[in-house]
file protein18.pdb (PDB, C-alpha atoms and all ligand atoms)
ATOM      1  CA  MET A  51     171.608 -36.355  88.141
ATOM      2  CA  ASN A  52     169.667 -37.354  91.243
ATOM      3  CA  ILE A  53     167.188 -40.129  90.535
ATOM      4  CA  ASP A  54     164.598 -40.394  93.303
ATOM      5  CA  GLY A  55     160.916 -41.146  93.848
ATOM      6  CA  TYR A  56     159.868 -38.031  91.918
ATOM      7  CA  THR A  57     161.938 -38.673  88.772
ATOM      8  CA  GLN A  58     159.838 -38.774  85.577
ATOM      9  CA  LEU A  59     160.784 -40.811  82.539
ATOM     10  CA  LEU A  60     161.048 -39.633  78.923
ATOM     11  CA  GLY A  61     162.251 -41.760  76.036
ATOM     12  CA  LEU A  62     162.763 -42.541  72.384
ATOM     13  CA  LEU A  63     161.161 -45.425  70.463
ATOM     14  CA  GLY A  64     162.906 -46.549  67.284
ATOM     15  CA  ASN A  65     165.127 -49.147  65.693
ATOM     16  CA  PRO A  66     168.050 -48.538  65.593
ATOM     17  CA  VAL A  67     168.503 -45.899  68.307
ATOM     18  CA  LYS A  68     172.156 -46.225  69.327
ATOM     19  CA  HIS A  69     173.410 -43.149  67.425
ATOM     20  CA  THR A  70     170.675 -40.769  68.548
ATOM     21  CA  LEU A  71     171.490 -37.258  69.807
ATOM     22  CA  SER A  72     168.122 -36.920  71.557
ATOM     23  CA  PRO A  73     169.399 -37.940  75.038
ATOM     24  CA  VAL A  74     171.930 -35.086  74.814
ATOM     25  CA  ILE A  75     169.168 -32.597  74.015
ATOM     26  CA  HIS A  76     166.658 -33.711  76.657
ATOM     27  CA  ASN A  77     168.940 -34.657  79.527
ATOM     28  CA  SER A  78     170.816 -31.354  79.094
ATOM     29  CA  LEU A  79     167.525 -29.447  79.119
ATOM     30  CA  SER A  80     166.452 -31.204  82.340
ATOM     31  CA  GLU A  81     169.790 -30.324  83.907
ATOM     32  CA  ILE A  82     169.726 -26.660  82.847
ATOM     33  CA  LEU A  83     166.061 -26.172  83.805
ATOM     34  CA  ASN A  84     166.454 -28.232  86.976
ATOM     35  CA  ILE A  85     163.590 -30.557  86.049
ATOM     36  CA  ASN A  86     163.666 -34.040  87.585
ATOM     37  CA  GLU A  87     163.438 -36.126  84.405
ATOM     38  CA  VAL A  88     165.548 -38.740  82.625
ATOM     39  CA  TYR A  89     165.483 -39.455  78.869
ATOM     40  CA  VAL A  90     166.396 -42.950  77.630
ATOM     41  CA  PRO A  91     166.440 -44.526  74.120
ATOM     42  CA  PHE A  92     164.487 -47.778  73.643
ATOM     43  CA  CYS A  93     165.203 -50.098  70.694
ATOM     44  CA  VAL A  94     161.789 -51.546  69.858
ATOM     45  CA  ASP A  95     160.805 -54.521  67.714
ATOM     46  CA  ARG A  96     158.011 -53.750  65.229
ATOM     47  CA  ASN A  97     155.819 -56.540  66.649
ATOM     48  CA  ASP A  98     156.013 -54.958  70.096
ATOM     49  CA  LEU A  99     155.188 -51.355  69.149
ATOM     50  CA  GLN A 100     151.536 -51.426  70.268
ATOM     51  CA  SER A 101     152.296 -53.095  73.598
ATOM     52  CA  VAL A 102     155.237 -50.747  74.162
ATOM     53  CA  VAL A 103     153.008 -47.657  73.762
ATOM     54  CA  LYS A 104     150.400 -49.191  76.079
ATOM     55  CA  GLY A 105     153.066 -50.210  78.580
ATOM     56  CA  ALA A 106     154.676 -46.770  78.504
ATOM     57  CA  TYR A 107     151.343 -45.247  79.485
ATOM     58  CA  GLY A 108     150.963 -47.860  82.231
ATOM     59  CA  LEU A 109     154.383 -46.902  83.554
ATOM     60  CA  GLY A 110     153.398 -43.239  83.530
ATOM     61  CA  ILE A 111     156.087 -42.234  81.008
ATOM     62  CA  LEU A 112     155.521 -38.520  80.502
ATOM     63  CA  GLY A 113     156.605 -38.248  76.892
ATOM     64  CA  LEU A 114     158.232 -40.148  74.055
ATOM     65  CA  ASN A 115     159.930 -39.378  70.783
ATOM     66  CA  VAL A 116     159.410 -41.749  67.899
ATOM     67  CA  THR A 117     161.961 -42.227  65.151
ATOM     68  CA  VAL A 118     162.604 -44.402  62.102
ATOM     69  CA  PRO A 119     160.883 -46.724  61.203
ATOM     70  CA  TYR A 120     157.801 -46.092  63.388
ATOM     71  CA  LYS A 121     156.767 -42.481  62.735
ATOM     72  CA  ASN A 122     153.788 -43.614  60.687
ATOM     73  CA  ASP A 123     152.963 -46.973  62.331
ATOM     74  CA  VAL A 124     152.688 -45.453  65.804
ATOM     75  CA  ILE A 125     149.690 -43.328  64.753
ATOM     76  CA  SER A 126     147.367 -46.361  65.086
ATOM     77  CA  TYR A 127     148.177 -46.668  68.799
ATOM     78  CA  LEU A 128     147.453 -43.076  69.894
ATOM     79  CA  VAL A 129     144.327 -41.634  71.496
ATOM     80  CA  ASP A 130     144.685 -38.320  69.642
ATOM     81  CA  VAL A 131     146.819 -36.867  66.838
ATOM     82  CA  ASP A 132     147.544 -33.229  66.078
ATOM     83  CA  GLU A 133     146.013 -32.166  62.728
ATOM     84  CA  ALA A 134     149.335 -31.291  61.046
ATOM     85  CA  ALA A 135     150.946 -34.586  62.108
ATOM     86  CA  LEU A 136     147.948 -36.508  60.804
ATOM     87  CA  GLN A 137     148.139 -34.718  57.459
ATOM     88  CA  ILE A 138     151.905 -35.274  57.195
ATOM     89  CA  GLY A 139     151.334 -38.925  58.173
ATOM     90  CA  ALA A 140     154.203 -38.926  60.668
ATOM     91  CA  VAL A 141     154.390 -38.503  64.426
ATOM     92  CA  ASN A 142     157.724 -37.998  66.202
ATOM     93  CA  THR A 143     156.487 -36.870  69.628
ATOM     94  CA  LEU A 144     154.003 -38.457  72.026
ATOM     95  CA  VAL A 145     152.558 -36.432  74.894
ATOM     96  CA  LYS A 146     150.804 -38.219  77.770
ATOM     97  CA  VAL A 147     147.125 -37.277  77.986
ATOM     98  CA  GLU A 148     144.033 -38.854  79.572
ATOM     99  CA  GLY A 149     143.921 -42.524  78.495
ATOM    100  CA  GLY A 150     147.092 -42.632  76.356
ATOM    101  CA  TYR A 151     149.274 -40.434  74.154
ATOM    102  CA  LYS A 152     148.629 -37.587  71.723
ATOM    103  CA  GLY A 153     150.946 -37.445  68.693
ATOM    104  CA  TYR A 154     152.653 -34.374  67.211
ATOM    105  CA  ASN A 155     155.119 -33.734  64.398
ATOM    106  CA  THR A 156     157.778 -31.490  65.906
ATOM    107  CA  ASP A 157     160.126 -32.146  62.927
ATOM    108  CA  MET A 158     157.959 -29.779  60.901
ATOM    109  CA  LEU A 159     157.560 -27.311  63.781
ATOM    110  CA  GLY A 160     161.327 -27.481  64.493
ATOM    111  CA  LEU A 161     162.268 -26.675  60.914
ATOM    112  CA  TYR A 162     159.804 -23.785  60.936
ATOM    113  CA  ARG A 163     161.303 -22.418  64.172
ATOM    114  CA  GLU A 164     164.768 -22.632  62.634
ATOM    115  CA  ILE A 165     163.902 -20.770  59.449
ATOM    116  CA  ILE A 166     161.968 -18.072  61.356
ATOM    117  CA  ASN A 167     165.010 -17.586  63.605
ATOM    118  CA  GLU A 168     167.226 -17.295  60.531
ATOM    119  CA  GLY A 169     164.936 -14.549  59.192
ATOM    120  CA  ILE A 170     163.509 -16.653  56.352
ATOM    121  CA  ASP A 171     159.899 -15.738  55.620
ATOM    122  CA  LEU A 172     157.876 -18.425  53.825
ATOM    123  CA  ASN A 173     154.946 -16.127  53.142
ATOM    124  CA  GLY A 174     154.677 -15.514  49.378
ATOM    125  CA  GLU A 175     157.972 -17.363  48.823
ATOM    126  CA  GLN A 176     158.732 -19.580  45.802
ATOM    127  CA  VAL A 177     160.233 -22.853  46.987
ATOM    128  CA  ILE A 178     161.924 -25.915  45.521
ATOM    129  CA  VAL A 179     161.844 -29.131  47.574
ATOM    130  CA  ILE A 180     164.172 -31.969  46.520
ATOM    131  CA  GLY A 181     163.019 -35.469  47.521
ATOM    132  CA  ALA A 182     159.628 -37.042  48.172
ATOM    133  CA  GLY A 183     160.239 -39.375  51.133
ATOM    134  CA  GLY A 184     159.019 -39.102  54.722
ATOM    135  CA  ALA A 185     160.911 -35.913  55.552
ATOM    136  CA  SER A 186     159.745 -34.210  52.369
ATOM    137  CA  LYS A 187     156.086 -34.482  53.389
ATOM    138  CA  ALA A 188     156.714 -32.445  56.533
ATOM    139  CA  VAL A 189     158.664 -29.804  54.588
ATOM    140  CA  VAL A 190     156.044 -29.479  51.832
ATOM    141  CA  TYR A 191     153.257 -29.288  54.433
ATOM    142  CA  MET A 192     155.168 -26.551  56.273
ATOM    143  CA  CYS A 193     155.616 -24.531  53.065
ATOM    144  CA  ALA A 194     151.920 -24.756  52.217
ATOM    145  CA  LYS A 195     150.746 -24.032  55.770
ATOM    146  CA  TYR A 196     152.937 -20.973  56.223
ATOM    147  CA  GLY A 197     152.012 -19.276  52.971
ATOM    148  CA  ALA A 198     154.503 -20.295  50.274
ATOM    149  CA  LYS A 199     153.203 -19.100  46.894
ATOM    150  CA  LYS A 200     154.576 -22.043  44.930
ATOM    151  CA  VAL A 201     156.419 -25.304  45.658
ATOM    152  CA  TYR A 202     158.227 -27.243  42.910
ATOM    153  CA  LEU A 203     158.638 -30.781  44.255
ATOM    154  CA  LEU A 204     161.510 -32.610  42.520
ATOM    155  CA  ASN A 205     162.017 -36.349  42.871
ATOM    156  CA  ARG A 206     163.766 -39.158  41.002
ATOM    157  CA  THR A 207     160.594 -41.238  41.267
ATOM    158  CA  ILE A 208     157.887 -38.898  40.009
ATOM    159  CA  GLU A 209     155.006 -41.005  41.400
ATOM    160  CA  LYS A 210     156.000 -40.170  44.984
ATOM    161  CA  ALA A 211     156.141 -36.462  44.164
ATOM    162  CA  ILE A 212     152.704 -36.692  42.534
ATOM    163  CA  ASP A 213     151.260 -38.404  45.646
ATOM    164  CA  ILE A 214     152.526 -35.706  48.006
ATOM    165  CA  SER A 215     151.423 -32.906  45.662
ATOM    166  CA  GLU A 216     147.882 -34.268  45.313
ATOM    167  CA  ASN A 217     147.632 -34.750  49.036
ATOM    168  CA  ILE A 218     148.788 -31.231  49.960
ATOM    169  CA  ASN A 219     146.913 -29.425  47.151
ATOM    170  CA  SER A 220     143.665 -31.115  48.116
ATOM    171  CA  HIS A 221     144.178 -30.436  51.837
ATOM    172  CA  PHE A 222     144.846 -26.720  51.298
ATOM    173  CA  CYS A 223     142.316 -26.480  48.402
ATOM    174  CA  LYS A 224     144.944 -24.685  46.269
ATOM    175  CA  ASP A 225     147.283 -25.624  43.451
ATOM    176  CA  ILE A 226     150.468 -24.866  45.403
ATOM    177  CA  VAL A 227     152.662 -27.906  44.741
ATOM    178  CA  THR A 228     153.862 -28.975  41.280
ATOM    179  CA  PRO A 229     155.522 -32.421  41.087
ATOM    180  CA  MET A 230     158.472 -32.811  38.687
ATOM    181  CA  GLU A 231     161.153 -35.305  37.741
ATOM    182  CA  ILE A 232     164.409 -34.255  39.349
ATOM    183  CA  ASP A 233     166.192 -33.959  35.976
ATOM    184  CA  ASP A 234     163.509 -31.582  34.680
ATOM    185  CA  TYR A 235     164.507 -28.761  37.034
ATOM    186  CA  ASN A 236     165.357 -26.588  34.013
ATOM    187  CA  LEU A 237     161.603 -26.382  33.288
ATOM    188  CA  ILE A 238     161.149 -24.342  36.484
ATOM    189  CA  PRO A 239     160.806 -20.604  35.661
ATOM    190  CA  LYS A 240     164.236 -18.936  35.900
ATOM    191  CA  ASN A 241     164.324 -17.205  39.255
ATOM    192  CA  LYS A 242     165.954 -17.441  42.699
ATOM    193  CA  TYR A 243     164.337 -19.882  45.125
ATOM    194  CA  LEU A 244     164.449 -21.076  48.699
ATOM    195  CA  VAL A 245     165.507 -24.737  48.307
ATOM    196  CA  PHE A 246     165.063 -27.587  50.812
ATOM    197  CA  GLN A 247     167.145 -30.771  50.334
ATOM    198  CA  THR A 248     165.213 -33.629  51.995
ATOM    199  CA  THR A 249     166.818 -36.750  50.487
ATOM    200  CA  SER A 250     169.404 -38.961  52.168
ATOM    201  CA  CYS A 251     171.827 -38.259  49.296
ATOM    202  CA  GLY A 252     175.032 -36.710  50.675
ATOM    203  CA  LEU A 253     174.599 -38.204  54.132
ATOM    204  CA  HIS A 254     177.751 -39.532  55.852
ATOM    205  CA  PRO A 255     179.622 -41.587  54.603
ATOM    206  CA  ASN A 256     178.475 -40.732  51.025
ATOM    207  CA  VAL A 257     179.663 -37.173  51.380
ATOM    208  CA  ASP A 258     180.656 -36.706  47.727
ATOM    209  CA  SER A 259     177.165 -36.864  46.288
ATOM    210  CA  SER A 260     174.321 -34.435  45.855
ATOM    211  CA  PRO A 261     170.860 -35.289  44.464
ATOM    212  CA  ILE A 262     171.525 -32.711  41.708
ATOM    213  CA  GLU A 263     175.132 -32.683  40.525
ATOM    214  CA  ASN A 264     174.757 -30.237  37.616
ATOM    215  CA  VAL A 265     176.108 -26.856  38.755
ATOM    216  CA  ASP A 266     173.549 -25.044  36.522
ATOM    217  CA  PHE A 267     170.843 -25.953  39.013
ATOM    218  CA  TYR A 268     172.465 -23.902  41.751
ATOM    219  CA  ASN A 269     171.785 -20.657  39.867
ATOM    220  CA  TYR A 270     168.192 -21.177  41.012
ATOM    221  CA  VAL A 271     169.133 -21.078  44.688
ATOM    222  CA  HIS A 272     169.150 -17.992  46.950
ATOM    223  CA  THR A 273     168.915 -19.978  50.207
ATOM    224  CA  ALA A 274     169.697 -23.677  50.650
ATOM    225  CA  VAL A 275     168.479 -25.716  53.625
ATOM    226  CA  ASP A 276     169.745 -29.299  53.850
ATOM    227  CA  ILE A 277     168.067 -31.469  56.476
ATOM    228  CA  ILE A 278     171.276 -33.524  56.755
ATOM    229  CA  TYR A 279     173.589 -32.501  59.624
ATOM    230  CA  ARG A 280     176.344 -35.087  59.183
ATOM    231  CA  PRO A 281     178.566 -33.943  57.467
ATOM    232  CA  GLU A 282     178.258 -30.400  58.742
ATOM    233  CA  GLU A 283     178.495 -29.118  55.148
ATOM    234  CA  THR A 284     177.017 -31.387  52.467
ATOM    235  CA  LYS A 285     177.972 -31.283  48.805
ATOM    236  CA  PHE A 286     174.529 -29.750  48.135
ATOM    237  CA  MET A 287     175.401 -26.929  50.554
ATOM    238  CA  ARG A 288     178.871 -26.499  49.012
ATOM    239  CA  LEU A 289     177.492 -26.230  45.484
ATOM    240  CA  SER A 290     174.813 -23.781  46.675
ATOM    241  CA  LYS A 291     177.380 -21.663  48.501
ATOM    242  CA  SER A 292     179.617 -21.527  45.409
ATOM    243  CA  ALA A 293     176.635 -20.153  43.480
ATOM    244  CA  GLY A 294     176.250 -17.363  46.084
ATOM    245  CA  ALA A 295     173.437 -18.828  48.214
ATOM    246  CA  LYS A 296     173.064 -18.703  52.003
ATOM    247  CA  VAL A 297     173.285 -22.241  53.377
ATOM    248  CA  TYR A 298     172.018 -24.091  56.456
ATOM    249  CA  ASN A 299     172.369 -27.716  57.574
ATOM    250  CA  GLY A 300     169.846 -29.806  59.523
ATOM    251  CA  LEU A 301     171.319 -29.553  63.007
ATOM    252  CA  LYS A 302     169.077 -26.716  64.183
ATOM    253  CA  MET A 303     166.019 -28.565  62.873
ATOM    254  CA  LEU A 304     167.084 -31.501  65.054
ATOM    255  CA  LEU A 305     167.677 -29.182  68.002
ATOM    256  CA  TYR A 306     164.321 -27.424  67.728
ATOM    257  CA  GLN A 307     162.278 -30.601  67.161
ATOM    258  CA  GLY A 308     163.685 -31.739  70.518
ATOM    259  CA  VAL A 309     163.175 -28.386  72.200
ATOM    260  CA  ILE A 310     159.539 -28.218  71.053
ATOM    261  CA  ALA A 311     158.909 -31.797  72.236
ATOM    262  CA  TYR A 312     160.364 -30.877  75.636
ATOM    263  CA  GLU A 313     158.168 -27.765  75.755
ATOM    264  CA  LEU A 314     155.099 -29.905  75.036
ATOM    265  CA  TRP A 315     155.984 -32.460  77.726
ATOM    266  CA  ASN A 316     156.690 -29.899  80.424
ATOM    267  CA  ASN A 317     154.528 -26.944  79.429
ATOM    268  CA  VAL A 318     157.553 -24.641  79.483
ATOM    269  CA  SER A 319     159.051 -22.197  77.017
ATOM    270  CA  ILE A 320     162.777 -22.575  76.255
ATOM    271  CA  ASP A 321     164.749 -19.420  75.426
ATOM    272  CA  GLU A 322     167.325 -18.991  72.675
ATOM    273  CA  ASP A 323     170.315 -18.836  75.054
ATOM    274  CA  THR A 324     169.425 -22.293  76.362
ATOM    275  CA  CYS A 325     168.958 -23.541  72.778
ATOM    276  CA  GLU A 326     172.460 -22.241  71.901
ATOM    277  CA  THR A 327     173.938 -24.090  74.920
ATOM    278  CA  ILE A 328     172.281 -27.331  73.808
ATOM    279  CA  LEU A 329     173.460 -26.814  70.225
ATOM    280  CA  CYS A 330     177.085 -26.511  71.419
ATOM    281  CA  GLN A 331     176.699 -29.753  73.378
ATOM    282  CA  MET A 332     175.299 -31.523  70.305
ATOM    283  CA  ILE A 333     178.220 -30.302  68.178
ATOM    284  CA  GLY A 334     180.638 -31.534  70.869
ATOM    285  CA  VAL A 335     179.072 -35.006  70.857
ATOM    286  CA  ILE A 336     179.110 -35.227  67.038
ATOM    287  CA  LYS A 337     182.802 -34.218  66.949
ATOM    288  CA  ASN A 338     183.580 -36.787  69.642
ATOM    289  CA  ASN A 339     181.744 -39.551  67.724
ATOM    290  CA  ASP A 340     183.639 -38.677  64.528
ATOM    291  CA  ARG A 341     187.001 -39.122  66.235
TER     292      ARG A 341
HETATM  293  P1  LIG B 401     163.116 -40.106  54.531
HETATM  294  O1  LIG B 401     161.974 -40.744  55.247
HETATM  295  O2  LIG B 401     164.328 -39.850  55.412
HETATM  296  O3  LIG B 401     162.735 -38.908  53.734
HETATM  297  P2  LIG B 401     162.934 -42.014  52.417
HETATM  298  O4  LIG B 401     161.470 -42.090  52.648
HETATM  299  O5  LIG B 401     163.679 -43.271  52.219
HETATM  300  O6  LIG B 401     163.684 -41.219  53.546
HETATM  301  O7  LIG B 401     163.141 -41.075  51.141
HETATM  302  C1  LIG B 401     164.345 -40.883  50.604
HETATM  303  C2  LIG B 401     164.233 -39.807  49.499
HETATM  304  O8  LIG B 401     165.541 -39.563  49.038
HETATM  305  C3  LIG B 401     163.409 -40.212  48.292
HETATM  306  O9  LIG B 401     162.808 -39.069  47.745
HETATM  307  C4  LIG B 401     164.489 -40.745  47.345
HETATM  308  O10 LIG B 401     164.156 -40.684  45.994
HETATM  309  P3  LIG B 401     163.256 -41.863  45.321
HETATM  310  O11 LIG B 401     161.859 -41.616  45.792
HETATM  311  O12 LIG B 401     163.391 -41.685  43.859
HETATM  312  O13 LIG B 401     163.833 -43.164  45.812
HETATM  313  C5  LIG B 401     165.576 -39.756  47.625
HETATM  314  N1  LIG B 401     166.917 -40.204  47.271
HETATM  315  C6  LIG B 401     167.677 -41.097  47.934
HETATM  316  N2  LIG B 401     168.883 -41.220  47.335
HETATM  317  C7  LIG B 401     168.884 -40.376  46.261
HETATM  318  C8  LIG B 401     169.821 -40.039  45.243
HETATM  319  N3  LIG B 401     171.024 -40.606  45.201
HETATM  320  N4  LIG B 401     169.471 -39.135  44.315
HETATM  321  C9  LIG B 401     168.258 -38.558  44.357
HETATM  322  N5  LIG B 401     167.315 -38.826  45.286
HETATM  323  C10 LIG B 401     167.622 -39.729  46.228
END

call {"tool": "encode", "arguments": {"input": "protein18.pdb", "output": "structure tokens"}}
result
Amino acid sequence: MNIDGYTQLLGLLGNPVKHTLSPVIHNSLSEILNINEVYVPFCVDRNDLQSVVKGAYGLGILGLNVTVPYKNDVISYLVDVDEAALQIGAVNTLVKVEGGYKGYNTDMLGLYREIINEGIDLNGEQVIVIGAGGASKAVVYMCAKYGAKKVYLLNRTIEKAIDISENINSHFCKDIVTPMEIDDYNLIPKNKYLVFQTTSCGLHPNVDSSPIENVDFYNYVHTAVDIIYRPEETKFMRLSKSAGAKVYNGLKMLLYQGVIAYELWNNVSIDEDTCETILCQMIGVIKNNDR
């Protein structure tokens, strides 16, 4: 890495940020593509968020990622927000434009790129989404936007599932999403579904839990996508696999959200071979951290 007068800065705003894999993604991309940029994580206090965004623009920072807990709060400090990100209510990527930053949600776009690459077609598909937190909103929005016929949204706390359902159904002017209590999954018509697991249940170190423990549920699953990537195989994925489903973890979603952010910042298009190289580096770092 040669830092000189032409080096541009990229970064991550969040709290905490110490365990992020984003520097691996972006600094590796800059190296491979020979682009003179450096990506650095910034741990930001909530009270400073507005001045940080203003200061970043003043410093000419080309692009920023935003992570927990600021994906929603940051929206107030942007000069423009992409329609999908606004609807989802979460921004994870800021792109420098005239007068400030424009916000995007590349989490949603990254997941979509992953499932397209895996040959999963959402159009006309029947989907089950487990969880109704921040990540769920992006997944449900993606399903509705890309043509899913039906989404059953399961959550422990039904009110949150109702909120997301009302929001998405009214935005798309269609009755696509049906909110349900998680334990009522047996009321879903018997069929095989594409299932997204969006809760934090099963995340390291609680690797022996799944939001639905009853093995009967997994007869509903033909394809299981867990947005968790640590552990590499969650209990939800294991139970789905035992029932004969194809399974995917969240690492490629993480990869592609970063790749798409980098494409937005630099107006480039990143090919699949480069994405594979970055993925291997991410896996290497995770294995190293687990040691
Ligand atoms: P994120 O922004 O990462 O989606 P979040 O907003 O805290 O995180 O949402 C966490 C989601 O995981 C919620 O849907 C939560 O269910 P509740 O709304 O009922 O709290 C769900 N969740 C967390 N732990 C769970 C568990 N053990 N079983 C089932 N759902 C769980």

call {"tool": "closest_residue", "arguments": {"input": "protein18.pdb", "among": "A:Ile138, A:Tyr270, A:Glu168, A:Leu304", "to": "Ile218 of chain A", "atoms": "only C-alpha atoms"}}
result
A:Ile138

call {"tool": "atom_distance", "arguments": {"input": "protein18.pdb", "atom1": "atom CA of Leu305 of chain A", "atom2": "atom N4 of ligand LIG 401 (chain B)"}}
result
25.8 Å

call {"tool": "residues_around", "arguments": {"input": "protein18.pdb", "residues": "segment 330-336 of chain A", "least_positions_apart": "3", "cutoff": "7 Å", "atoms": "all atoms listed in the file", "output": "PyMOL selection string"}}
result
chain A and resi 71+74+326-327+339-340

call {"tool": "residues_near_ligand", "arguments": {"input": "protein18.pdb", "ligand": "ligand LIG 401 (chain B)", "cutoff": "12 Å", "atoms": "all atoms listed in the file", "output": "number ranges by chain"}}
result
A: 117-122, 138-140, 157, 179-190, 203-214, 229-233, 246-253, 256-263, 276-278, 286

call {"tool": "residues_around", "arguments": {"input": "protein18.pdb", "residues": "Arg163 of chain A", "least_positions_apart": "2", "cutoff": "9 Å", "atoms": "all atoms listed in the file", "output": "NGL selection string"}}
result
:A and (158-161 or 165-168 or 302-303 or 306-307)

call {"tool": "resolve_selection", "arguments": {"input": "protein18.pdb", "expression": "the PyMOL selection byres (((chain A and resi 244) around 10) and not hetatm)", "output": "PyMOL selection string"}}
result
chain A and resi 170-172+175-179+201+242-243+245-246+270-275+295-296

call {"tool": "write_last_selection", "arguments": {"input": "protein18.pdb", "atoms": "C-alpha atoms", "output": "PDB file, in the frame of the given file"}}
result
ATOM      1  CA  ILE A 170     163.509 -16.653  56.352  1.00  0.00           C
ATOM      2  CA  ASP A 171     159.899 -15.738  55.620  1.00  0.00           C
ATOM      3  CA  LEU A 172     157.876 -18.425  53.825  1.00  0.00           C
ATOM      4  CA  GLU A 175     157.972 -17.363  48.823  1.00  0.00           C
ATOM      5  CA  GLN A 176     158.732 -19.580  45.802  1.00  0.00           C
ATOM      6  CA  VAL A 177     160.233 -22.853  46.987  1.00  0.00           C
ATOM      7  CA  ILE A 178     161.924 -25.915  45.521  1.00  0.00           C
ATOM      8  CA  VAL A 179     161.844 -29.131  47.574  1.00  0.00           C
ATOM      9  CA  VAL A 201     156.419 -25.304  45.658  1.00  0.00           C
ATOM     10  CA  LYS A 242     165.954 -17.441  42.699  1.00  0.00           C
ATOM     11  CA  TYR A 243     164.337 -19.882  45.125  1.00  0.00           C
ATOM     12  CA  VAL A 245     165.507 -24.737  48.307  1.00  0.00           C
ATOM     13  CA  PHE A 246     165.063 -27.587  50.812  1.00  0.00           C
ATOM     14  CA  TYR A 270     168.192 -21.177  41.012  1.00  0.00           C
ATOM     15  CA  VAL A 271     169.133 -21.078  44.688  1.00  0.00           C
ATOM     16  CA  HIS A 272     169.150 -17.992  46.950  1.00  0.00           C
ATOM     17  CA  THR A 273     168.915 -19.978  50.207  1.00  0.00           C
ATOM     18  CA  ALA A 274     169.697 -23.677  50.650  1.00  0.00           C
ATOM     19  CA  VAL A 275     168.479 -25.716  53.625  1.00  0.00           C
ATOM     20  CA  ALA A 295     173.437 -18.828  48.214  1.00  0.00           C
ATOM     21  CA  LYS A 296     173.064 -18.703  52.003  1.00  0.00           C
TER      22      LYS A 296
END

call {"tool": "closest_residue", "arguments": {"input": "protein18.pdb", "among": "A:Thr143, A:Gly150, A:Arg280, A:Leu136", "to": "His69 of chain A", "atoms": "only C-alpha atoms"}}
result
A:Arg280

call {"tool": "residues_near_point", "arguments": {"input": "protein18.pdb", "point": "(153.8, -29.5, 72.0)", "cutoff": "10 Å", "atoms": "all atoms listed in the file", "output": "list in words"}}
result
Asp132, Thr143, Leu144, Val145, Lys152, Gly153, Tyr154, Asn155, Thr156, Leu159, Gln307, Val309, Ile310, Ala311, Tyr312, Glu313, Leu314, Trp315, Asn316, Asn317 and Val318 of chain A
